[in-house]
file query_32.cif (mmCIF, C-alpha atoms and all ligand atoms)
data_final
#
loop_
_atom_site.label_atom_id
_atom_site.label_comp_id
_atom_site.auth_asym_id
_atom_site.auth_seq_id
_atom_site.Cartn_x
_atom_site.Cartn_y
_atom_site.Cartn_z
CA MET A 20 48.20 14.23 20.19
CA LYS A 21 47.47 17.93 20.75
CA THR A 22 46.12 19.14 17.39
CA ILE A 23 44.47 17.18 14.61
CA SER A 24 43.68 18.66 11.23
CA VAL A 25 40.72 17.26 9.28
CA VAL A 26 40.91 18.07 5.58
CA GLY A 27 37.52 18.08 3.82
CA LEU A 28 34.56 19.13 5.97
CA GLY A 29 31.77 17.24 4.24
CA TYR A 30 29.53 14.36 5.26
CA ILE A 31 32.44 12.45 6.81
CA GLY A 32 35.05 15.10 7.66
CA LEU A 33 32.81 17.44 9.63
CA PRO A 34 31.27 14.78 11.92
CA THR A 35 34.75 13.28 12.44
CA ALA A 36 36.22 16.68 13.31
CA ALA A 37 33.37 17.35 15.75
CA VAL A 38 33.60 13.94 17.43
CA ILE A 39 37.38 14.31 17.95
CA ALA A 40 36.95 17.87 19.26
CA ALA A 41 34.29 16.59 21.67
CA GLN A 42 37.08 14.53 23.29
CA GLY A 43 38.89 17.77 24.16
CA VAL A 44 41.45 17.61 21.31
CA LYS A 45 42.01 20.80 19.33
CA VAL A 46 40.80 20.31 15.75
CA ILE A 47 41.58 22.45 12.73
CA GLY A 48 39.12 21.73 9.93
CA VAL A 49 40.17 22.61 6.40
CA ASP A 50 37.90 23.08 3.42
CA VAL A 51 38.21 24.90 0.10
CA ASN A 52 34.56 25.95 0.39
CA GLN A 53 34.51 29.38 2.04
CA PHE A 54 30.77 29.10 2.76
CA ALA A 55 31.30 25.81 4.64
CA VAL A 56 34.20 27.32 6.62
CA ASP A 57 32.20 30.45 7.56
CA THR A 58 29.12 28.41 8.50
CA ILE A 59 31.12 26.09 10.76
CA ASN A 60 32.93 28.98 12.45
CA GLN A 61 29.49 30.37 13.35
CA GLY A 62 28.79 27.04 15.07
CA LYS A 63 26.40 25.94 12.33
CA ILE A 64 26.46 23.19 9.70
CA HIS A 65 26.08 23.16 5.92
CA ILE A 66 24.99 19.50 5.63
CA VAL A 67 22.14 17.48 7.09
CA GLU A 68 22.95 14.81 9.66
CA PRO A 69 20.99 14.09 12.86
CA GLU A 70 22.50 15.61 16.05
CA LEU A 71 25.47 17.10 14.20
CA ASP A 72 24.35 20.73 14.50
CA ALA A 73 24.28 20.64 18.31
CA LEU A 74 27.69 18.96 18.52
CA VAL A 75 29.35 21.40 16.09
CA HIS A 76 27.77 24.31 17.94
CA GLU A 77 29.22 23.07 21.24
CA VAL A 78 32.79 22.33 20.06
CA VAL A 79 33.06 25.61 18.14
CA ARG A 80 31.76 27.53 21.17
CA LYS A 81 34.37 25.86 23.37
CA GLY A 82 37.11 26.81 20.89
CA LEU A 83 37.95 23.16 20.18
CA LEU A 84 37.03 23.27 16.49
CA LYS A 85 37.85 25.99 14.02
CA ALA A 86 37.61 25.90 10.24
CA VAL A 87 40.11 27.43 7.78
CA THR A 88 40.64 27.36 4.03
CA LYS A 89 44.43 26.96 4.18
CA PRO A 90 46.05 24.08 6.14
CA GLU A 91 47.95 24.98 9.30
CA PRO A 92 50.54 22.89 11.20
CA ALA A 93 49.12 20.02 13.29
CA ASP A 94 50.27 16.69 14.77
CA ALA A 95 48.11 14.63 12.44
CA PHE A 96 46.24 15.24 9.19
CA LEU A 97 43.15 13.26 8.39
CA ILE A 98 42.00 13.56 4.78
CA ALA A 99 38.30 13.00 3.97
CA VAL A 100 37.73 14.44 0.50
CA PRO A 101 35.49 13.08 -2.29
CA THR A 102 36.70 10.41 -4.72
CA PRO A 103 34.09 10.36 -7.51
CA PHE A 104 34.50 8.57 -10.81
CA LYS A 105 34.88 10.02 -14.28
CA GLU A 106 32.60 9.41 -17.30
CA ASN A 107 34.17 6.01 -18.04
CA HIS A 108 33.92 4.84 -14.39
CA GLU A 109 37.62 5.56 -13.83
CA PRO A 110 38.34 6.87 -10.32
CA ASP A 111 38.98 10.60 -10.05
CA LEU A 112 41.75 11.18 -7.48
CA SER A 113 42.10 14.90 -8.16
CA TYR A 114 40.69 15.90 -4.75
CA VAL A 115 43.13 13.58 -2.92
CA LYS A 116 45.99 15.00 -4.97
CA ALA A 117 44.91 18.58 -4.27
CA ALA A 118 44.62 17.80 -0.54
CA ALA A 119 48.09 16.22 -0.47
CA PHE A 120 49.67 19.25 -2.14
CA ALA A 121 47.67 21.60 0.11
CA ILE A 122 48.84 20.02 3.39
CA ALA A 123 52.46 19.45 2.25
CA PRO A 124 53.73 22.93 3.23
CA ALA A 125 52.25 22.53 6.73
CA LEU A 126 53.89 19.12 7.38
CA SER A 127 56.71 18.69 9.84
CA LYS A 128 58.82 15.84 11.23
CA GLY A 129 56.78 13.43 13.38
CA ASN A 130 53.44 14.09 11.64
CA LEU A 131 50.91 11.38 10.85
CA VAL A 132 48.88 11.59 7.60
CA ILE A 133 45.77 9.42 7.27
CA LEU A 134 43.60 9.06 4.17
CA GLU A 135 39.94 8.17 4.87
CA SER A 136 38.43 8.77 1.41
CA THR A 137 37.17 5.67 -0.40
CA SER A 138 39.99 4.94 -2.82
CA PRO A 139 41.14 2.41 -5.40
CA VAL A 140 43.88 0.06 -4.25
CA GLY A 141 47.27 1.79 -4.52
CA THR A 142 46.01 5.32 -3.80
CA ILE A 143 47.99 5.54 -0.56
CA ASP A 144 51.22 5.00 -2.55
CA LYS A 145 50.21 7.80 -4.91
CA MET A 146 49.39 10.10 -2.02
CA GLN A 147 52.76 9.38 -0.47
CA ALA A 148 54.49 10.11 -3.79
CA TRP A 149 52.67 13.46 -4.07
CA LEU A 150 53.64 14.41 -0.52
CA SER A 151 57.24 13.39 -1.14
CA GLU A 152 57.33 15.37 -4.39
CA ALA A 153 56.11 18.48 -2.56
CA ARG A 154 58.39 17.93 0.45
CA PRO A 155 61.69 16.36 -0.69
CA ASP A 156 63.21 17.47 2.62
CA LEU A 157 61.08 14.93 4.58
CA SER A 158 61.39 11.14 4.64
CA PHE A 159 58.39 8.84 4.13
CA PRO A 160 57.72 5.29 5.37
CA SER A 161 58.54 3.18 2.35
CA GLU A 162 61.83 4.90 1.63
CA SER A 163 63.98 3.15 4.25
CA ASP A 164 63.85 0.99 7.33
CA LEU A 165 64.76 4.02 9.40
CA ILE A 166 62.05 5.82 11.34
CA PRO A 167 60.49 8.14 8.73
CA ASP A 168 59.70 11.80 9.34
CA ILE A 169 56.07 11.25 8.28
CA ASN A 170 53.88 8.24 9.08
CA ILE A 171 51.12 7.32 6.63
CA ALA A 172 48.01 5.17 6.95
CA TYR A 173 44.75 4.42 5.13
CA CYS A 174 41.68 4.10 7.38
CA PRO A 175 38.38 4.07 5.50
CA GLU A 176 35.26 5.63 6.91
CA ARG A 177 32.32 3.18 7.06
CA VAL A 178 29.51 5.15 8.67
CA LEU A 179 25.89 5.05 7.53
CA PRO A 180 24.40 8.43 6.53
CA GLY A 181 21.70 9.24 9.09
CA LYS A 182 23.56 7.43 11.89
CA VAL A 183 26.98 8.98 11.43
CA LEU A 184 27.61 10.24 14.97
CA HIS A 185 26.83 6.86 16.50
CA GLU A 186 28.61 4.73 13.92
CA LEU A 187 31.75 6.92 14.05
CA VAL A 188 32.15 5.97 17.69
CA ASP A 189 30.75 2.44 17.81
CA ASN A 190 31.87 0.82 14.54
CA ASP A 191 35.12 -1.14 14.36
CA ARG A 192 37.81 0.58 12.27
CA VAL A 193 40.14 -1.01 9.76
CA VAL A 194 43.51 0.71 10.13
CA GLY A 195 45.96 0.08 7.28
CA GLY A 196 49.49 1.36 7.83
CA VAL A 197 52.17 1.73 5.19
CA THR A 198 54.31 0.10 7.94
CA SER A 199 53.14 -1.53 11.15
CA ILE A 200 54.42 1.47 13.13
CA CYS A 201 52.29 3.77 10.95
CA ALA A 202 49.27 1.54 11.66
CA GLU A 203 49.92 1.61 15.39
CA LYS A 204 50.20 5.40 15.41
CA ALA A 205 46.97 5.73 13.39
CA ALA A 206 45.15 3.28 15.68
CA ASN A 207 46.19 5.42 18.66
CA LEU A 208 44.58 8.42 17.00
CA TYR A 209 41.30 6.54 16.42
CA ARG A 210 41.30 5.25 19.99
CA ILE A 211 40.75 8.88 21.07
CA PHE A 212 37.11 8.62 19.96
CA VAL A 213 36.34 5.06 18.73
CA ARG A 214 34.71 2.60 21.15
CA GLY A 215 34.80 -0.23 18.57
CA SER A 216 37.98 -2.22 17.85
CA CYS A 217 40.79 -0.81 15.72
CA LEU A 218 41.78 -3.69 13.44
CA ILE A 219 45.29 -3.33 12.14
CA THR A 220 46.36 -4.35 8.62
CA ASN A 221 48.41 -2.99 5.72
CA ALA A 222 47.22 -0.02 3.65
CA ARG A 223 46.45 -2.06 0.51
CA THR A 224 44.16 -4.48 2.34
CA ALA A 225 42.42 -1.58 4.07
CA GLU A 226 41.81 0.12 0.70
CA MET A 227 40.31 -3.09 -0.72
CA CYS A 228 38.32 -3.73 2.46
CA LYS A 229 36.30 -0.53 2.08
CA LEU A 230 35.53 -1.29 -1.56
CA THR A 231 34.64 -4.87 -0.67
CA GLU A 232 32.08 -3.81 1.95
CA ASN A 233 30.15 -1.65 -0.49
CA ALA A 234 30.52 -4.09 -3.40
CA PHE A 235 29.16 -6.86 -1.14
CA ARG A 236 26.07 -4.75 -0.49
CA ASP A 237 25.71 -3.81 -4.15
CA VAL A 238 25.91 -7.44 -5.30
CA ASN A 239 23.32 -8.46 -2.73
CA ILE A 240 20.93 -5.65 -3.68
CA ALA A 241 21.43 -6.63 -7.34
CA PHE A 242 20.34 -10.15 -6.47
CA ALA A 243 17.13 -8.75 -4.94
CA ASN A 244 16.59 -6.41 -7.90
CA GLU A 245 17.10 -9.23 -10.40
CA LEU A 246 14.63 -11.37 -8.45
CA SER A 247 12.06 -8.55 -8.70
CA LEU A 248 12.40 -8.55 -12.50
CA ILE A 249 12.09 -12.33 -12.67
CA CYS A 250 9.04 -12.25 -10.38
CA ASP A 251 7.38 -9.56 -12.54
CA GLU A 252 7.71 -11.90 -15.51
CA LEU A 253 6.56 -14.99 -13.62
CA LYS A 254 3.70 -13.19 -11.79
CA ILE A 255 5.03 -13.87 -8.29
CA ASN A 256 4.97 -11.39 -5.39
CA VAL A 257 8.69 -10.77 -4.83
CA TRP A 258 8.21 -9.42 -1.29
CA GLU A 259 6.39 -12.53 -0.16
CA LEU A 260 8.97 -14.69 -1.94
CA ILE A 261 11.90 -12.99 -0.15
CA ARG A 262 10.13 -13.14 3.20
CA LEU A 263 9.62 -16.88 2.78
CA ALA A 264 13.14 -17.59 1.46
CA ASN A 265 14.63 -15.62 4.36
CA ARG A 266 13.05 -18.09 6.80
CA HIS A 267 15.80 -20.50 5.72
CA PRO A 268 18.52 -20.29 8.40
CA ARG A 269 21.28 -19.47 5.91
CA VAL A 270 19.41 -17.17 3.49
CA ASP A 271 19.25 -13.40 4.01
CA ILE A 272 18.12 -11.62 0.83
CA LEU A 273 18.03 -7.81 0.80
CA GLN A 274 15.13 -5.74 -0.52
CA PRO A 275 14.55 -4.78 -4.16
CA GLY A 276 14.01 -1.10 -4.94
CA PRO A 277 13.95 1.37 -7.83
CA GLY A 278 17.78 1.21 -8.09
CA VAL A 279 20.77 1.91 -5.88
CA GLY A 280 21.46 5.48 -4.85
CA GLY A 281 23.81 7.44 -2.63
CA HIS A 282 27.36 8.37 -3.36
CA CYS A 283 29.04 5.16 -2.15
CA ILE A 284 27.47 1.85 -3.10
CA ALA A 285 26.77 2.87 -6.70
CA VAL A 286 30.33 4.20 -7.09
CA ASP A 287 32.81 2.10 -5.11
CA PRO A 288 32.35 -1.25 -6.93
CA TRP A 289 33.53 0.47 -10.12
CA PHE A 290 36.91 1.07 -8.42
CA ILE A 291 37.30 -2.70 -8.12
CA VAL A 292 36.17 -3.26 -11.72
CA ASP A 293 38.58 -0.59 -12.92
CA SER A 294 41.52 -2.24 -11.06
CA ALA A 295 40.80 -5.82 -12.17
CA PRO A 296 38.46 -5.59 -15.20
CA LYS A 297 38.97 -9.13 -16.47
CA VAL A 298 38.15 -10.90 -13.23
CA ALA A 299 35.61 -8.59 -11.54
CA ARG A 300 32.74 -10.00 -13.62
CA LEU A 301 30.09 -10.48 -10.93
CA ILE A 302 30.75 -7.05 -9.41
CA ARG A 303 30.42 -5.36 -12.81
CA THR A 304 27.22 -7.23 -13.63
CA ALA A 305 25.72 -6.30 -10.26
CA ARG A 306 26.38 -2.62 -11.04
CA GLU A 307 24.72 -3.05 -14.42
CA VAL A 308 21.69 -4.82 -12.91
CA ASN A 309 21.24 -2.06 -10.32
CA ASP A 310 21.78 0.74 -12.84
CA HIS A 311 19.17 -0.83 -15.12
CA LYS A 312 16.47 -0.91 -12.43
CA PRO A 313 15.30 2.73 -12.82
CA HIS A 314 14.73 2.06 -16.55
CA HIS A 315 12.64 -0.99 -15.73
CA VAL A 316 10.49 1.17 -13.42
CA ILE A 317 10.03 3.72 -16.22
CA GLU A 318 8.89 0.92 -18.55
CA GLN A 319 6.35 -0.14 -15.91
CA VAL A 320 4.96 3.43 -15.74
CA ILE A 321 4.82 3.74 -19.53
CA SER A 322 2.91 0.50 -19.80
CA ALA A 323 0.49 1.51 -16.99
CA ALA A 324 -0.08 4.87 -18.73
CA GLU A 325 -0.71 3.34 -22.16
CA LYS A 326 -4.50 3.52 -22.21
CA ILE A 327 -4.95 6.68 -20.11
CA ILE A 328 -5.24 10.06 -21.83
CA ASN A 329 -3.11 12.71 -20.08
CA PRO A 330 -2.50 10.62 -16.97
CA THR A 331 -1.64 12.15 -13.62
CA ILE A 332 1.13 10.26 -11.86
CA ALA A 333 1.78 10.60 -8.12
CA CYS A 334 5.49 9.97 -7.43
CA LEU A 335 6.09 9.26 -3.76
CA GLY A 336 9.61 9.97 -2.53
CA LEU A 337 12.74 11.49 -4.05
CA ALA A 338 15.47 10.73 -1.48
CA PHE A 339 17.96 7.93 -2.12
CA LYS A 340 16.69 5.99 0.88
CA PRO A 341 13.99 6.27 3.56
CA ASP A 342 13.68 9.02 6.14
CA ILE A 343 16.47 11.28 4.94
CA ASP A 344 16.47 14.40 2.75
CA ASP A 345 19.53 13.41 0.73
CA LEU A 346 18.68 13.44 -2.99
CA ARG A 347 22.21 12.84 -4.26
CA GLU A 348 22.50 10.04 -6.82
CA SER A 349 18.92 9.09 -6.03
CA PRO A 350 17.28 6.62 -8.43
CA ALA A 351 13.94 8.28 -7.59
CA VAL A 352 15.24 11.61 -8.92
CA GLU A 353 16.54 9.90 -12.06
CA ILE A 354 13.17 8.22 -12.63
CA VAL A 355 11.17 11.43 -12.13
CA LYS A 356 13.48 13.37 -14.46
CA LEU A 357 13.20 10.77 -17.23
CA LEU A 358 9.41 10.55 -16.84
CA ALA A 359 9.10 14.35 -16.93
CA ASP A 360 11.31 14.50 -19.99
CA LYS A 361 9.25 11.86 -21.79
CA LYS A 362 6.12 13.99 -21.07
CA ILE A 363 4.07 10.95 -20.12
CA GLY A 364 1.66 12.98 -18.00
CA ALA A 365 1.45 15.40 -15.07
CA LEU A 366 3.76 14.40 -12.24
CA LEU A 367 2.81 15.22 -8.63
CA ILE A 368 5.83 14.70 -6.40
CA ALA A 369 5.47 14.03 -2.67
CA GLU A 370 8.70 14.20 -0.68
CA PRO A 371 8.02 14.93 3.00
CA ASN A 372 11.67 15.79 3.70
CA ILE A 373 12.05 18.73 1.32
CA GLU A 374 10.29 22.04 0.85
CA VAL A 375 11.31 22.89 -2.70
CA LEU A 376 11.97 20.69 -5.69
CA PRO A 377 15.58 20.54 -6.88
CA ALA A 378 16.24 22.75 -9.92
CA GLU A 379 16.89 19.73 -12.18
CA ILE A 380 13.26 18.65 -11.62
CA GLU A 381 11.56 22.00 -11.11
CA LYS A 382 12.55 23.11 -14.61
CA PHE A 383 9.96 20.73 -16.08
CA SER A 384 6.54 22.37 -16.53
CA ASN A 385 4.66 19.06 -16.00
CA VAL A 386 6.04 18.54 -12.46
CA SER A 387 4.88 19.98 -9.13
CA LEU A 388 5.45 19.33 -5.43
CA SER A 389 2.46 18.09 -3.45
CA ASP A 390 1.62 16.22 -0.28
CA ALA A 391 1.22 12.47 -0.57
CA ALA A 392 -2.51 12.19 0.17
CA SER A 393 -3.62 14.86 -2.30
CA ALA A 394 -1.16 13.62 -4.96
CA ILE A 395 -2.66 10.13 -4.68
CA ALA A 396 -6.23 11.50 -4.68
CA GLN A 397 -5.60 13.27 -8.02
CA ALA A 398 -3.56 10.46 -9.60
CA ASP A 399 -4.38 7.75 -12.12
CA ILE A 400 -1.07 6.05 -11.42
CA VAL A 401 0.66 5.92 -8.02
CA LEU A 402 4.42 5.29 -8.17
CA LEU A 403 6.03 4.64 -4.80
CA LEU A 404 9.78 5.28 -4.97
CA VAL A 405 10.96 5.63 -1.35
CA ASN A 406 9.66 3.84 1.74
CA HIS A 407 9.53 6.94 3.96
CA ARG A 408 7.75 6.23 7.26
CA GLN A 409 4.97 8.75 6.35
CA PHE A 410 3.92 6.59 3.39
CA TYR A 411 3.24 3.54 5.58
CA GLN A 412 0.65 5.60 7.43
CA LEU A 413 -1.45 6.41 4.34
CA PRO A 414 -4.78 4.55 4.38
CA ASN A 415 -4.92 1.79 1.76
CA SER A 416 -8.39 3.01 0.76
CA LEU A 417 -6.72 5.98 -1.00
CA LEU A 418 -5.36 3.55 -3.58
CA THR A 419 -8.70 2.10 -4.65
CA GLY A 420 -9.10 2.30 -8.42
CA LYS A 421 -5.51 3.51 -8.99
CA ARG A 422 -2.79 1.74 -10.89
CA VAL A 423 -0.12 1.21 -8.25
CA ILE A 424 3.59 0.63 -8.93
CA ASP A 425 5.20 0.02 -5.56
CA THR A 426 8.97 -0.29 -6.01
CA ARG A 427 9.63 -0.77 -2.28
CA GLY A 428 6.92 -3.17 -1.19
CA VAL A 429 5.20 -0.72 1.18
CA TRP A 430 1.70 -1.78 0.08
CA GLU A 431 2.42 -5.33 -1.01
N1 LIG A 501 19.01 -0.41 -0.89
C1 LIG A 501 18.14 -1.28 -1.52
N2 LIG A 501 17.82 -2.46 -0.89
C2 LIG A 501 18.33 -2.78 0.33
C3 LIG A 501 19.23 -1.90 0.96
C4 LIG A 501 19.56 -0.72 0.32
O1 LIG A 501 17.64 -1.02 -2.63
O2 LIG A 501 17.97 -3.85 0.83
C5 LIG A 501 19.38 0.86 -1.56
C6 LIG A 501 18.96 2.09 -0.77
O3 LIG A 501 17.62 2.41 -1.01
C7 LIG A 501 19.92 3.13 -1.31
C8 LIG A 501 21.18 2.32 -1.58
O4 LIG A 501 20.78 0.96 -1.62
O5 LIG A 501 19.44 3.67 -2.53
C9 LIG A 501 22.29 2.48 -0.56
O6 LIG A 501 21.76 2.57 0.76
P1 LIG A 501 22.42 1.87 2.03
O7 LIG A 501 21.60 2.21 3.21
O8 LIG A 501 22.64 0.43 1.78
O9 LIG A 501 23.91 2.49 2.13
P2 LIG A 501 24.52 3.99 2.13
O10 LIG A 501 24.92 4.33 0.73
O11 LIG A 501 23.67 4.95 2.86
O12 LIG A 501 25.86 3.74 3.03
C10 LIG A 501 26.79 2.75 2.64
C11 LIG A 501 27.09 1.86 3.87
N3 LIG A 501 27.83 0.67 3.44
C12 LIG A 501 27.43 -0.58 3.79
O13 LIG A 501 26.41 -0.80 4.41
C13 LIG A 501 28.32 -1.71 3.35
C14 LIG A 501 27.90 2.65 4.89
O14 LIG A 501 28.30 1.82 5.98
C15 LIG A 501 29.15 3.26 4.22
O15 LIG A 501 29.92 4.02 5.15
C16 LIG A 501 28.68 4.18 3.11
O16 LIG A 501 27.98 3.38 2.15
C17 LIG A 501 29.92 4.83 2.51
O17 LIG A 501 30.19 6.00 2.85
O18 LIG A 501 30.66 4.15 1.79
#
call {"tool": "encode", "arguments": {"input": "query_32.cif", "output": "structure tokens"}}
result
Amino acid sequence: MKTISVVGLGYIGLPTAAVIAAQGVKVIGVDVNQFAVDTINQGKIHIVEPELDALVHEVVRKGLLKAVTKPEPADAFLIAVPTPFKENHEPDLSYVKAAAFAIAPALSKGNLVILESTSPVGTIDKMQAWLSEARPDLSFPSESDLIPDINIAYCPERVLPGKVLHELVDNDRVVGGVTSICAEKAANLYRIFVRGSCLITNARTAEMCKLTENAFRDVNIAFANELSLICDELKINVWELIRLANRHPRVDILQPGPGVGGHCIAVDPWFIVDSAPKVARLIRTAREVNDHKPHHVIEQVISAAEKIINPTIACLGLAFKPDIDDLRESPAVEIVKLLADKKIGALLIAEPNIEVLPAEIEKFSNVSLSDAASAIAQADIVLLLVNHRQFYQLPNSLLTGKRVIDTRGVWE
């Protein structure tokens, strides 16, 4: 494999492109975002991920990675574009469709096309149909038993934001081919940079596997979140309860929080619900339990603020999980926005990983950015939303006399 094209240079595509290029393979990265393309070609990055800047700098300098806005011929095309959902939780495949039509003119006989984007079951068939529509002169795997011109596979990414460069290499990969030859060819591509095992299956199972992994986590977090609501009612410390229950050899409960954030776990289970609405009852309920959690936290703040005139509320953390600066789909952001909108009091936000508040929060006149210690010192109510490592270091004495709502169990 001499040249690999990676389509979509975001949180998954760019690290993947860089890791492949680091193995000495020529990589052409494609993105519709001119700013991203220009930034990468300068050896810089437009996203935040530990160690990625140095790696991109090195592979661009060596001429192994270049970014373009229009696809160019390559031996393999790896598509890593977003698959969000629409208002009604229906999957939005428009980016996959656009990517398929964009690469079609650059395809030639012998090429391998792999989709990595999290997708509802059956997406690979749609992608193949779009490619075939755009290139009727080429044959595709399901059309005959003959060797097709183009091989197609679905291989989901499964890396954890914050540890992407390590997990890209060390995690096992599920490689789903439209035919077993497609799977074998795709596995050979991943073996260029993956140290984990490449587990071969069909494309449909691989599509469902990705959704299953994130739905599993969502259901388990929902269990913890539901327990936290039950414990609030029954006056039991949920953190102690979980710690004790987890001493059973076959019990491993996750941690409650203010809700589930990020762009994966709160989205992917809906793809399962959308495909099998009558039977996916537990998965749907878990989503609803987790989506309700931010509203429960708001109720807790409202009730704590009831007897205080013009309360000051310190809100600790905005990111969707600890020790990152990623605010996308963060329950903490949702909570702060709703509290600001309800004008419950003055909100002092402490988020050690950002320097300016996002516009959606900054627009409120009752909100300002602060450091954690002074926010707590001025506050009547302390609302802990993210368990960033800096917050564990704050002396407990700062909290004396404050009403504390700790959604992550940092000060339990
Ligand atoms: N959370 C809890 N309690 C917990 C664990 C997590 O409330 O006990 C919350 C976090 O605070 C966060 C959300 O869940 O708001 C999601 O965080 P996460 O660390 O569980 O997962 P992500 O979204 O960063 O990454 C997930 C990973 N999937 C699984 O662990 C099954 C990752 O491997 C996937 O590649 C990624 O989704 C993805 O791209 O799909």
call {"tool": "residues_near_ligand", "arguments": {"input": "query_32.cif", "ligand": "ligand LIG 501 (chain A)", "cutoff": "8 Å", "atoms": "all atoms listed in the file", "output": "MDAnalysis selection string"}}
result
chainID A and resid 31 137 176:181 229 232:237 239:240 243:244 272:285 287 339:341 349:350 405
call {"tool": "closest_residue", "arguments": {"input": "query_32.cif", "among": "A:Gly364, A:Gly195, A:Pro124, A:Pro167", "to": "A:Asn329", "atoms": "all atoms listed in the file"}}
result
A:Gly364
call {"tool": "atom_distance", "arguments": {"input": "query_32.cif", "atom1": "atom CA of A:Pro34", "atom2": "atom CA of A:Ala73"}}
result
11.1 Å
call {"tool": "residues_around", "arguments": {"input": "query_32.cif", "residues": "A:Gly196", "least_positions_apart": "6", "cutoff": "6 Å", "atoms": "only C-alpha atoms", "output": "list in words"}}
result
Ala172, Ala202, Asn221 and Ala222 of chain A
call {"tool": "residues_around", "arguments": {"input": "query_32.cif", "residues": "A:Asn372", "least_positions_apart": "2", "cutoff": "10 Å", "atoms": "only C-alpha atoms", "output": "PDB file with C-alpha atoms, in the coordinates of the input"}}
result
ATOM      1  CA  GLY A 336       9.610   9.970  -2.530  1.00  0.00           C
ATOM      2  CA  LEU A 337      12.740  11.490  -4.050  1.00  0.00           C
ATOM      3  CA  ALA A 338      15.470  10.730  -1.480  1.00  0.00           C
ATOM      4  CA  PRO A 341      13.990   6.270   3.560  1.00  0.00           C
ATOM      5  CA  ASP A 342      13.680   9.020   6.140  1.00  0.00           C
ATOM      6  CA  ILE A 343      16.470  11.280   4.940  1.00  0.00           C
ATOM      7  CA  ASP A 344      16.470  14.400   2.750  1.00  0.00           C
ATOM      8  CA  ASP A 345      19.530  13.410   0.730  1.00  0.00           C
ATOM      9  CA  LEU A 346      18.680  13.440  -2.990  1.00  0.00           C
ATOM     10  CA  ALA A 369       5.470  14.030  -2.670  1.00  0.00           C
ATOM     11  CA  GLU A 370       8.700  14.200  -0.680  1.00  0.00           C
ATOM     12  CA  GLU A 374      10.290  22.040   0.850  1.00  0.00           C
ATOM     13  CA  VAL A 375      11.310  22.890  -2.700  1.00  0.00           C
ATOM     14  CA  HIS A 407       9.530   6.940   3.960  1.00  0.00           C
TER      15      HIS A 407
END
call {"tool": "residues_around", "arguments": {"input": "query_32.cif", "residues": "A:Thr58", "least_positions_apart": "5", "cutoff": "12 Å", "atoms": "only C-alpha atoms", "output": "list in words"}}
result
Leu28, Leu33, Asp50, Asn52, Gln53, Lys63, Ile64, His65, Ile66, Asp72, Val75, His76, Val79, Lys85, Ala86 and Val87 of chain A
call {"tool": "write_last_selection", "arguments": {"input": "query_32.cif", "atoms": "C-alpha atoms", "output": "mmCIF file, keeping the file's coordinate frame"}}
result
data_model
loop_
_atom_site.group_PDB
_atom_site.id
_atom_site.type_symbol
_atom_site.label_atom_id
_atom_site.label_comp_id
_atom_site.auth_asym_id
_atom_site.auth_seq_id
_atom_site.Cartn_x
_atom_site.Cartn_y
_atom_site.Cartn_z
ATOM 1 C CA LEU A 28 34.560 19.130 5.970
ATOM 2 C CA LEU A 33 32.810 17.440 9.630
ATOM 3 C CA ASP A 50 37.900 23.080 3.420
ATOM 4 C CA ASN A 52 34.560 25.950 0.390
ATOM 5 C CA GLN A 53 34.510 29.380 2.040
ATOM 6 C CA LYS A 63 26.400 25.940 12.330
ATOM 7 C CA ILE A 64 26.460 23.190 9.700
ATOM 8 C CA HIS A 65 26.080 23.160 5.920
ATOM 9 C CA ILE A 66 24.990 19.500 5.630
ATOM 10 C CA ASP A 72 24.350 20.730 14.500
ATOM 11 C CA VAL A 75 29.350 21.400 16.090
ATOM 12 C CA HIS A 76 27.770 24.310 17.940
ATOM 13 C CA VAL A 79 33.060 25.610 18.140
ATOM 14 C CA LYS A 85 37.850 25.990 14.020
ATOM 15 C CA ALA A 86 37.610 25.900 10.240
ATOM 16 C CA VAL A 87 40.110 27.430 7.780
#
call {"tool": "atom_distance", "arguments": {"input": "query_32.cif", "atom1": "atom CA of A:Ile249", "atom2": "atom CA of A:Arg300"}}
result
20.8 Å
